[in-house]
$ cat entry-v1.cif   # mmCIF, C-alpha atoms
data_model
#
loop_
_atom_site.label_atom_id
_atom_site.label_comp_id
_atom_site.auth_asym_id
_atom_site.auth_seq_id
_atom_site.Cartn_x
_atom_site.Cartn_y
_atom_site.Cartn_z
CA MET A 292 28.72 51.97 -93.85
CA ARG A 293 31.59 52.87 -91.55
CA ARG A 294 29.30 55.29 -89.69
CA ALA A 295 26.62 52.61 -89.11
CA CYS A 296 29.17 50.21 -87.73
CA ALA A 297 30.49 52.86 -85.35
CA VAL A 298 27.00 53.60 -84.07
CA LEU A 299 26.34 49.91 -83.54
CA LEU A 300 29.59 49.45 -81.68
CA ILE A 301 28.70 52.31 -79.32
CA SER A 302 25.03 51.33 -78.75
CA VAL A 303 25.70 47.73 -77.68
CA PRO A 304 27.82 48.59 -74.63
CA VAL A 305 25.40 51.34 -73.62
CA TYR A 306 22.44 48.96 -73.79
CA ALA A 307 24.28 46.37 -71.71
CA LEU A 308 25.13 49.01 -69.13
CA LEU A 309 21.50 50.13 -68.90
CA GLN A 310 20.29 46.54 -68.41
CA THR A 311 22.83 45.96 -65.65
CA GLY A 312 21.71 49.12 -63.85
CA SER A 313 18.07 48.11 -64.16
CA ALA A 314 18.82 44.68 -62.70
CA ARG A 315 20.70 46.25 -59.79
CA ALA A 316 17.76 48.56 -59.15
CA ASP A 317 15.39 45.58 -59.04
CA VAL A 318 17.59 43.80 -56.51
CA SER A 319 17.91 46.86 -54.31
CA ASP A 320 14.15 47.51 -54.36
CA ARG A 321 13.25 43.92 -53.44
CA ALA A 322 12.14 43.49 -49.74
CA PRO A 323 14.54 41.52 -47.51
CA GLU A 324 13.56 37.89 -46.99
CA SER A 325 11.87 37.27 -43.58
CA PRO A 326 13.53 34.70 -41.31
CA VAL A 327 12.04 31.21 -41.15
CA PRO A 328 10.21 30.60 -37.82
CA LEU A 329 11.70 27.83 -35.65
CA SER A 330 10.25 25.79 -32.77
CA VAL A 331 13.48 26.46 -30.80
CA PRO A 332 14.67 30.11 -30.88
CA LEU A 333 18.02 30.76 -32.60
CA ALA A 334 20.51 33.56 -31.85
CA LEU A 335 23.67 34.36 -33.87
CA GLU A 336 26.67 36.33 -32.64
CA HIS A 337 29.51 37.54 -34.86
CA CYS A 338 28.27 35.42 -37.75
CA GLU A 339 28.20 38.08 -40.51
CA ASP A 340 29.79 35.72 -43.07
CA LEU A 341 27.23 32.97 -42.37
CA ASP A 342 24.05 32.63 -44.43
CA GLY A 343 21.54 32.89 -41.57
CA ASN A 344 18.45 32.40 -43.73
CA GLU A 345 19.85 29.23 -45.23
CA LEU A 346 20.68 27.97 -41.73
CA ARG A 347 17.12 28.63 -40.55
CA LYS A 348 15.64 26.80 -43.54
CA LEU A 349 17.82 23.76 -42.88
CA LEU A 350 16.98 23.82 -39.15
CA ALA A 351 13.26 23.98 -39.89
CA ILE A 352 13.62 20.85 -42.05
CA GLU A 353 15.67 19.06 -39.35
CA PHE A 354 13.23 19.98 -36.54
CA GLU A 355 10.27 18.78 -38.56
CA THR A 356 12.01 15.54 -39.56
CA LEU A 357 13.05 14.76 -35.97
CA ASN A 358 9.66 15.84 -34.56
CA ILE A 359 11.18 18.48 -32.30
CA GLY A 360 8.23 20.30 -30.78
CA ALA A 361 7.85 23.67 -29.12
CA ALA A 362 10.67 25.00 -27.03
CA ARG A 363 10.79 24.27 -23.31
CA PRO A 364 10.88 27.17 -20.84
CA ASN A 365 13.87 29.48 -21.53
CA GLU A 366 15.22 27.09 -24.23
CA ARG A 367 17.22 28.59 -27.11
CA VAL A 368 20.20 27.89 -29.38
CA LEU A 369 23.13 30.34 -29.39
CA ILE A 370 25.82 30.23 -32.11
CA ARG A 371 29.01 32.32 -31.68
CA CYS A 372 31.20 32.51 -34.77
CA ASP A 373 34.91 33.33 -35.16
CA ALA A 374 37.44 33.11 -38.00
CA SER A 375 38.06 29.36 -37.65
CA GLY A 376 34.69 27.98 -36.55
CA ALA A 377 31.68 28.34 -34.29
CA ARG A 378 30.55 27.33 -30.82
CA VAL A 379 26.98 26.00 -30.58
CA SER A 380 25.28 26.24 -27.12
CA LEU A 381 21.86 25.01 -26.02
CA GLU A 382 20.39 26.92 -23.12
CA PRO A 383 19.49 26.28 -20.34
CA ALA A 384 20.73 22.69 -20.72
CA GLN A 385 24.32 24.01 -20.79
CA THR A 386 25.35 21.63 -23.60
CA GLU A 387 27.87 22.82 -26.19
CA ALA A 388 29.59 21.68 -29.37
CA GLU A 389 32.50 23.08 -31.41
CA VAL A 390 32.27 23.27 -35.22
CA ASP A 391 35.48 23.66 -37.28
CA PHE A 392 35.18 25.76 -40.46
CA THR A 393 38.83 25.46 -41.64
CA SER A 394 38.12 22.56 -44.00
CA THR A 395 34.49 23.46 -44.80
CA ALA A 396 33.43 25.64 -47.71
CA PRO A 397 31.27 28.69 -46.76
CA ALA A 398 28.29 27.30 -48.68
CA ALA A 399 28.38 24.06 -46.65
CA ARG A 400 28.67 25.68 -43.23
CA PRO A 401 24.89 26.20 -42.65
CA ARG A 402 24.32 22.52 -43.30
CA LEU A 403 27.06 21.50 -40.84
CA LEU A 404 25.66 23.83 -38.18
CA ALA A 405 22.08 22.59 -38.71
CA LEU A 406 23.15 18.99 -38.09
CA THR A 407 25.06 19.98 -34.96
CA VAL A 408 22.14 22.00 -33.53
CA SER A 409 19.54 19.27 -34.14
CA GLU A 410 21.81 16.68 -32.49
CA LEU A 411 22.24 18.87 -29.39
CA VAL A 412 18.49 19.48 -29.03
CA VAL A 413 17.56 15.80 -29.44
CA ASP A 414 20.18 14.64 -26.90
CA ALA A 415 19.23 17.30 -24.34
CA ARG A 416 15.51 16.52 -24.51
CA ALA A 417 16.09 12.77 -24.24
CA HIS A 418 18.23 13.33 -21.15
CA ALA A 419 15.54 15.57 -19.60
CA VAL A 420 12.85 12.93 -20.15
CA LYS A 421 15.00 10.25 -18.47
CA ALA A 422 15.69 12.53 -15.50
CA GLU A 423 11.98 13.32 -15.03
CA SER A 424 11.07 9.62 -15.23
CA ALA A 425 13.72 8.69 -12.64
CA ALA A 426 12.51 11.45 -10.30
CA ALA A 427 8.93 10.24 -10.62
CA LYS A 428 9.94 6.66 -9.75
CA ALA A 429 12.02 7.80 -6.77
CA ARG A 430 9.20 9.91 -5.39
CA PRO A 431 7.23 7.87 -2.81
CA ALA A 432 3.63 7.33 -3.68
CA GLU A 433 1.28 9.35 -1.57
CA PRO A 434 -0.90 7.08 0.57
CA VAL A 435 -4.58 7.24 -0.13
CA PRO A 436 -6.16 8.69 2.99
CA LYS A 437 -8.68 6.43 4.61
CA LYS A 438 -12.02 7.99 5.11
CA ALA A 439 -12.64 7.97 8.83
CA ALA A 440 -16.14 7.55 10.07
CA ALA A 441 -17.33 10.90 11.29
CA PRO A 442 -18.19 10.82 14.99
CA ALA A 443 -21.77 11.48 15.81
CA ARG A 444 -22.67 15.14 16.11
CA GLU A 445 -19.09 16.20 15.25
CA SER A 446 -20.22 19.74 14.56
CA ASP A 447 -21.23 20.16 18.20
CA GLY A 448 -18.08 18.47 19.57
CA VAL A 449 -19.98 15.42 20.90
CA THR A 450 -18.12 12.13 20.43
CA SER A 451 -21.26 10.07 21.03
CA PRO A 452 -24.77 11.29 21.77
CA VAL A 453 -25.84 8.27 23.88
CA ARG A 454 -24.17 6.95 27.03
CA VAL A 455 -25.25 4.16 29.38
CA SER A 456 -23.89 3.50 32.84
CA ALA A 457 -24.24 1.11 35.77
CA GLY A 458 -22.89 1.20 39.28
CA GLY A 459 -23.57 1.10 42.97
CA ALA A 460 -25.20 3.88 45.00
CA LEU A 461 -25.36 4.72 48.68
CA ARG A 462 -28.09 7.10 49.88
CA TYR A 463 -28.39 8.54 53.36
CA LEU A 464 -31.66 9.98 54.66
CA ALA A 465 -30.96 12.51 57.40
CA ARG A 466 -34.22 12.54 59.32
CA PRO A 467 -34.73 8.84 60.01
CA GLY A 468 -30.95 8.28 59.90
CA ALA A 469 -31.31 5.49 57.31
CA ALA A 470 -28.58 4.36 54.94
CA LEU A 471 -29.81 2.67 51.76
CA TRP A 472 -27.63 1.01 49.15
CA GLY A 473 -28.13 -0.82 45.87
CA PRO A 474 -27.50 -0.95 42.13
CA GLN A 475 -28.26 1.93 39.79
CA ILE A 476 -28.40 2.26 35.99
CA GLY A 477 -28.54 5.37 33.85
CA LEU A 478 -29.13 6.52 30.29
CA GLU A 479 -27.86 9.91 29.09
CA PHE A 480 -28.41 11.81 25.80
CA ALA A 481 -25.89 14.53 24.90
CA ILE A 482 -27.43 17.44 23.00
CA SER A 483 -24.06 19.20 22.77
CA ARG A 484 -20.71 18.96 24.53
CA TYR A 485 -22.12 21.26 27.22
CA PHE A 486 -25.70 20.05 27.71
CA SER A 487 -27.32 16.65 28.21
CA PHE A 488 -30.39 15.07 29.74
CA GLY A 489 -31.28 11.57 30.83
CA ALA A 490 -32.89 9.18 33.26
CA ALA A 491 -31.68 6.92 36.06
CA GLY A 492 -33.21 4.15 38.09
CA GLY A 493 -32.21 1.99 41.01
CA LEU A 494 -33.13 -0.41 43.77
CA GLU A 495 -32.22 0.45 47.38
CA LEU A 496 -32.18 -1.72 50.48
CA GLY A 497 -31.66 -0.87 54.17
CA GLN A 498 -33.04 -0.98 57.66
CA THR A 499 -33.47 1.20 60.70
CA SER A 500 -34.12 0.44 64.36
CA THR A 501 -36.36 2.37 66.73
CA SER A 502 -37.52 1.81 70.26
CA LEU A 503 -40.65 0.19 68.88
CA ALA A 504 -39.37 -2.02 66.06
CA ARG A 505 -36.78 -2.77 63.44
CA VAL A 506 -37.90 -1.63 59.97
CA ARG A 507 -36.63 -3.04 56.65
CA TRP A 508 -36.57 -0.63 53.70
CA LEU A 509 -37.05 -1.45 50.03
CA SER A 510 -37.05 1.54 47.69
CA GLU A 511 -37.49 1.58 43.94
CA ARG A 512 -36.53 4.98 42.59
CA ALA A 513 -36.31 6.75 39.22
CA SER A 514 -35.22 10.23 38.25
CA LEU A 515 -35.11 12.57 35.28
CA PHE A 516 -32.16 14.98 35.10
CA THR A 517 -30.54 17.73 33.03
CA LEU A 518 -26.81 18.51 33.16
CA PHE A 519 -24.57 21.39 32.06
CA GLY A 520 -20.79 21.19 32.00
CA GLY A 521 -17.48 21.02 30.19
CA SER A 522 -14.03 19.42 30.25
CA ALA A 523 -11.05 20.08 32.52
CA ALA A 524 -7.83 18.14 33.28
CA GLY A 525 -9.00 15.04 31.40
CA PHE A 526 -12.39 14.90 33.13
CA ASP A 527 -15.87 15.78 31.90
CA LEU A 528 -17.46 17.73 34.74
CA SER A 529 -21.15 18.58 34.89
CA ALA A 530 -23.81 19.75 37.28
CA GLY A 531 -27.56 19.98 37.10
CA ALA A 532 -30.91 19.22 38.65
CA ALA A 533 -33.22 16.23 38.80
CA MET A 534 -36.67 15.19 39.97
CA CYS A 535 -36.88 11.91 41.88
CA LEU A 536 -39.88 9.64 42.20
CA GLY A 537 -39.93 6.33 44.10
CA ARG A 538 -41.93 3.62 45.77
CA LEU A 539 -40.98 2.73 49.34
CA SER A 540 -41.94 -0.46 51.20
CA LEU A 541 -41.44 -0.60 54.98
CA SER A 542 -41.61 -3.93 56.83
CA PRO A 543 -41.46 -3.79 60.68
CA SER A 544 -40.08 -6.68 62.76
CA ARG A 545 -39.21 -7.33 66.42
CA LEU A 546 -42.23 -5.42 67.63
CA GLY A 547 -42.84 -4.76 71.27
CA ALA A 548 -45.24 -6.81 73.38
CA GLY A 549 -48.82 -6.41 72.27
CA GLU A 550 -47.84 -4.53 69.12
CA ILE A 551 -49.19 -5.58 65.73
CA GLY A 552 -47.02 -4.71 62.70
CA HIS A 553 -47.95 -4.52 59.05
CA GLU A 554 -46.17 -3.46 55.86
CA VAL A 555 -46.45 0.08 54.60
CA ASP A 556 -46.15 1.06 50.91
CA GLY A 557 -46.05 4.60 49.64
CA ILE A 558 -44.86 6.97 46.94
CA TRP A 559 -42.17 9.48 47.70
CA ALA A 560 -40.77 12.32 45.57
CA GLY A 561 -38.49 15.31 45.74
CA PRO A 562 -36.03 17.49 43.81
CA GLU A 563 -32.27 17.09 43.94
CA LEU A 564 -29.04 18.69 42.70
CA ILE A 565 -26.37 16.65 40.90
CA ALA A 566 -22.59 17.00 40.51
CA ARG A 567 -20.98 14.47 38.19
CA ALA A 568 -17.45 13.61 36.90
CA ARG A 569 -16.65 11.31 33.98
CA HIS A 570 -13.22 10.05 32.83
CA ASP A 571 -12.55 8.15 29.60
CA LEU A 572 -10.91 4.74 30.07
CA GLY A 573 -10.11 4.20 26.39
CA GLY A 574 -12.30 3.11 23.54
CA VAL A 575 -15.95 3.63 24.47
CA LEU A 576 -15.63 2.97 28.21
CA PHE A 577 -15.61 5.58 30.94
CA ALA A 578 -15.64 5.77 34.74
CA LEU A 579 -18.39 7.73 36.45
CA ALA A 580 -18.79 9.34 39.88
CA SER A 581 -21.84 11.26 41.04
CA VAL A 582 -22.92 13.13 44.18
CA GLU A 583 -26.60 14.00 44.60
CA GLY A 584 -28.36 15.92 47.32
CA GLY A 585 -32.06 16.67 47.66
CA VAL A 586 -35.16 17.04 49.78
CA THR A 587 -38.08 14.64 50.04
CA THR A 588 -41.14 16.81 49.62
CA LEU A 589 -43.60 13.93 49.32
CA PRO A 590 -42.61 11.56 52.19
CA VAL A 591 -43.77 8.15 53.36
CA LYS A 592 -44.69 7.82 57.01
CA ALA A 593 -45.30 4.71 59.11
CA THR A 594 -46.92 4.55 62.56
CA ALA A 595 -47.42 1.84 65.15
CA SER A 596 -50.85 0.51 66.11
CA ASP A 597 -51.01 2.90 69.05
CA GLY A 598 -50.39 5.87 66.75
CA ARG A 599 -46.75 6.39 67.57
CA GLN A 600 -44.58 7.21 64.56
CA LEU A 601 -42.08 4.56 63.37
CA VAL A 602 -40.66 6.18 60.23
CA ASP A 603 -40.91 9.59 58.60
CA THR A 604 -38.93 9.93 55.30
CA SER A 605 -39.38 13.68 54.91
CA GLY A 606 -36.27 15.85 54.95
CA SER A 607 -32.94 15.97 53.16
CA PHE A 608 -30.91 13.12 51.69
CA LEU A 609 -27.43 12.66 50.14
CA SER A 610 -26.48 10.03 47.58
CA ILE A 611 -23.08 8.90 46.19
CA MET A 612 -22.77 6.70 43.13
CA LEU A 613 -19.68 5.07 41.53
CA GLY A 614 -19.95 3.21 38.27
CA ILE A 615 -18.74 2.48 34.77
CA GLY A 616 -20.34 3.21 31.44
CA ALA A 617 -20.03 3.04 27.67
CA ALA A 618 -20.68 5.46 24.85
CA LEU A 619 -22.92 4.04 22.12
#

$ encode --input "entry-v1.cif" --output "structure tokens"
Amino acid sequence: MRRACAVLLISVPVYALLQTGSARADVSDRAPESPVPLSVPLALEHCEDLDGNELRKLLAIEFETLNIGAARPNERVLIRCDASGARVSLEPAQTEAEVDFTSTAPAARPRLLALTVSELVVDARAHAVKAESAAAKARPAEPVPKKAAAPARESDGVTSPVRVSAGGALRYLARPGAALWGPQIGLEFAISRYFSFGAAGGLELGQTSTSLARVRWLSERASLFTLFGGSAAGFDLSAGAAMCLGRLSLSPSRLGAGEIGHEVDGIWAGPELIARARHDLGGVLFALASVEGGVTTLPVKATASDGRQLVDTSGSFLSIMLGIGAAL
């Protein structure tokens, strides 16, 4: 009986010791608990006595309750611990808070830190939203650009493809020595900024005197032209060639004794060269000057009743025109 009691007294402590060792082995073999993921990164410095996992769990609950979303660029929470407390910093907002541990039990410190961190994050994000809203209101609204009407043939550099003009012209015929003057109108089509073509027409009046009679001139003329040119010093300069065609009426008066006069009508034609300058006056208006020189190859001739010649329009001529026009 005494032996059985001795064995029992020895076996109980041994069994308890074996169970304790087994429990310690189970704890040592268990994998470490993974940290709880947070929407705002958390860093701890010198916080070996702080339960970091418990702090992360409490922060996850706080962030979810306060609807704190994903971290902003470079945003993180840094906690530096010392013997008496901890300093909580939110980067890059540069906001900080001090937490005193002297009157707080170790088990309650994670809770105190979690409340401090969530308060810093909420305040910093609210301040950032207000600053962004104020900056947006202060920023002047960008004006809506007005869509300008594209000028005609913009790709070729032509501001307007059609131009009309009107002015006065003076033409001098070298061979009979006649000076004719009158109104002239023109219509021009620009193919590009360097090339155009068009037509012109006019009415010319004048008179010449010979030893036989005085002759009144009435000429109706039209021409087709092509021009090449460019711009220089605020002027559009061009040169080209034209073909003229006209109808000339000659009426003699103050005939000599025994002479019988009658009107003569005829068609005249000839080529000419043109030099032209145009200057914009603002808006669609422009001033125009033109010098033209040519040769009458199809002349009109008039003779007296005795066969003597009164007028011969063959030969060279020179014309000057000044006018004003508009771009359509």

$ residues_around --input "entry-v1.cif" --residues "Ala457 in chain A" --least-positions-apart "3" --cutoff "12 Å" --atoms "all atoms listed in the file" --output "PyMOL selection string"
chain A and resi 454+460+473-479+491-493+576-581+612-617

$ resolve_selection --input "entry-v1.cif" --expression "the PyMOL selection byres ((chain A and resi 453) around 8)" --output "short mmCIF file (atom, residue, chain, number, x, y, z; two decimals) with C-alpha atoms, in the frame of the given file"
data_model
loop_
_atom_site.label_atom_id
_atom_site.label_comp_id
_atom_site.auth_asym_id
_atom_site.auth_seq_id
_atom_site.Cartn_x
_atom_site.Cartn_y
_atom_site.Cartn_z
CA SER A 451 -21.26 10.07 21.03
CA PRO A 452 -24.77 11.29 21.77
CA ARG A 454 -24.17 6.95 27.03
CA VAL A 455 -25.25 4.16 29.38
CA LEU A 478 -29.13 6.52 30.29
CA GLU A 479 -27.86 9.91 29.09
CA PHE A 480 -28.41 11.81 25.80
CA ALA A 481 -25.89 14.53 24.90
CA ALA A 618 -20.68 5.46 24.85
CA LEU A 619 -22.92 4.04 22.12
#

$ resolve_selection --input "entry-v1.cif" --expression "the PyMOL selection byres ((chain A and resi 344) around 12)" --output "PyMOL selection string"
chain A and resi 323-329+333+335+338-343+345-351+401-402+405

$ axis_aligned_box --input "entry-v1.cif" --around "range 511-519 of chain A" --padding-each-side "6 Å" --output "lines of an AutoDock Vina configuration file"
center_x = -31.0
center_y = 11.5
center_z = 38.0
size_x = 24.9
size_y = 31.8
size_z = 23.9

$ atom_distance --input "entry-v1.cif" --atom1 "CA of Arg378 in chain A" --atom2 "CA of Thr356 in chain A"
23.6 Å

$ atom_distance --input "entry-v1.cif" --atom1 "CA of Ser544 in chain A" --atom2 "CA of Gly459 in chain A"
26.9 Å
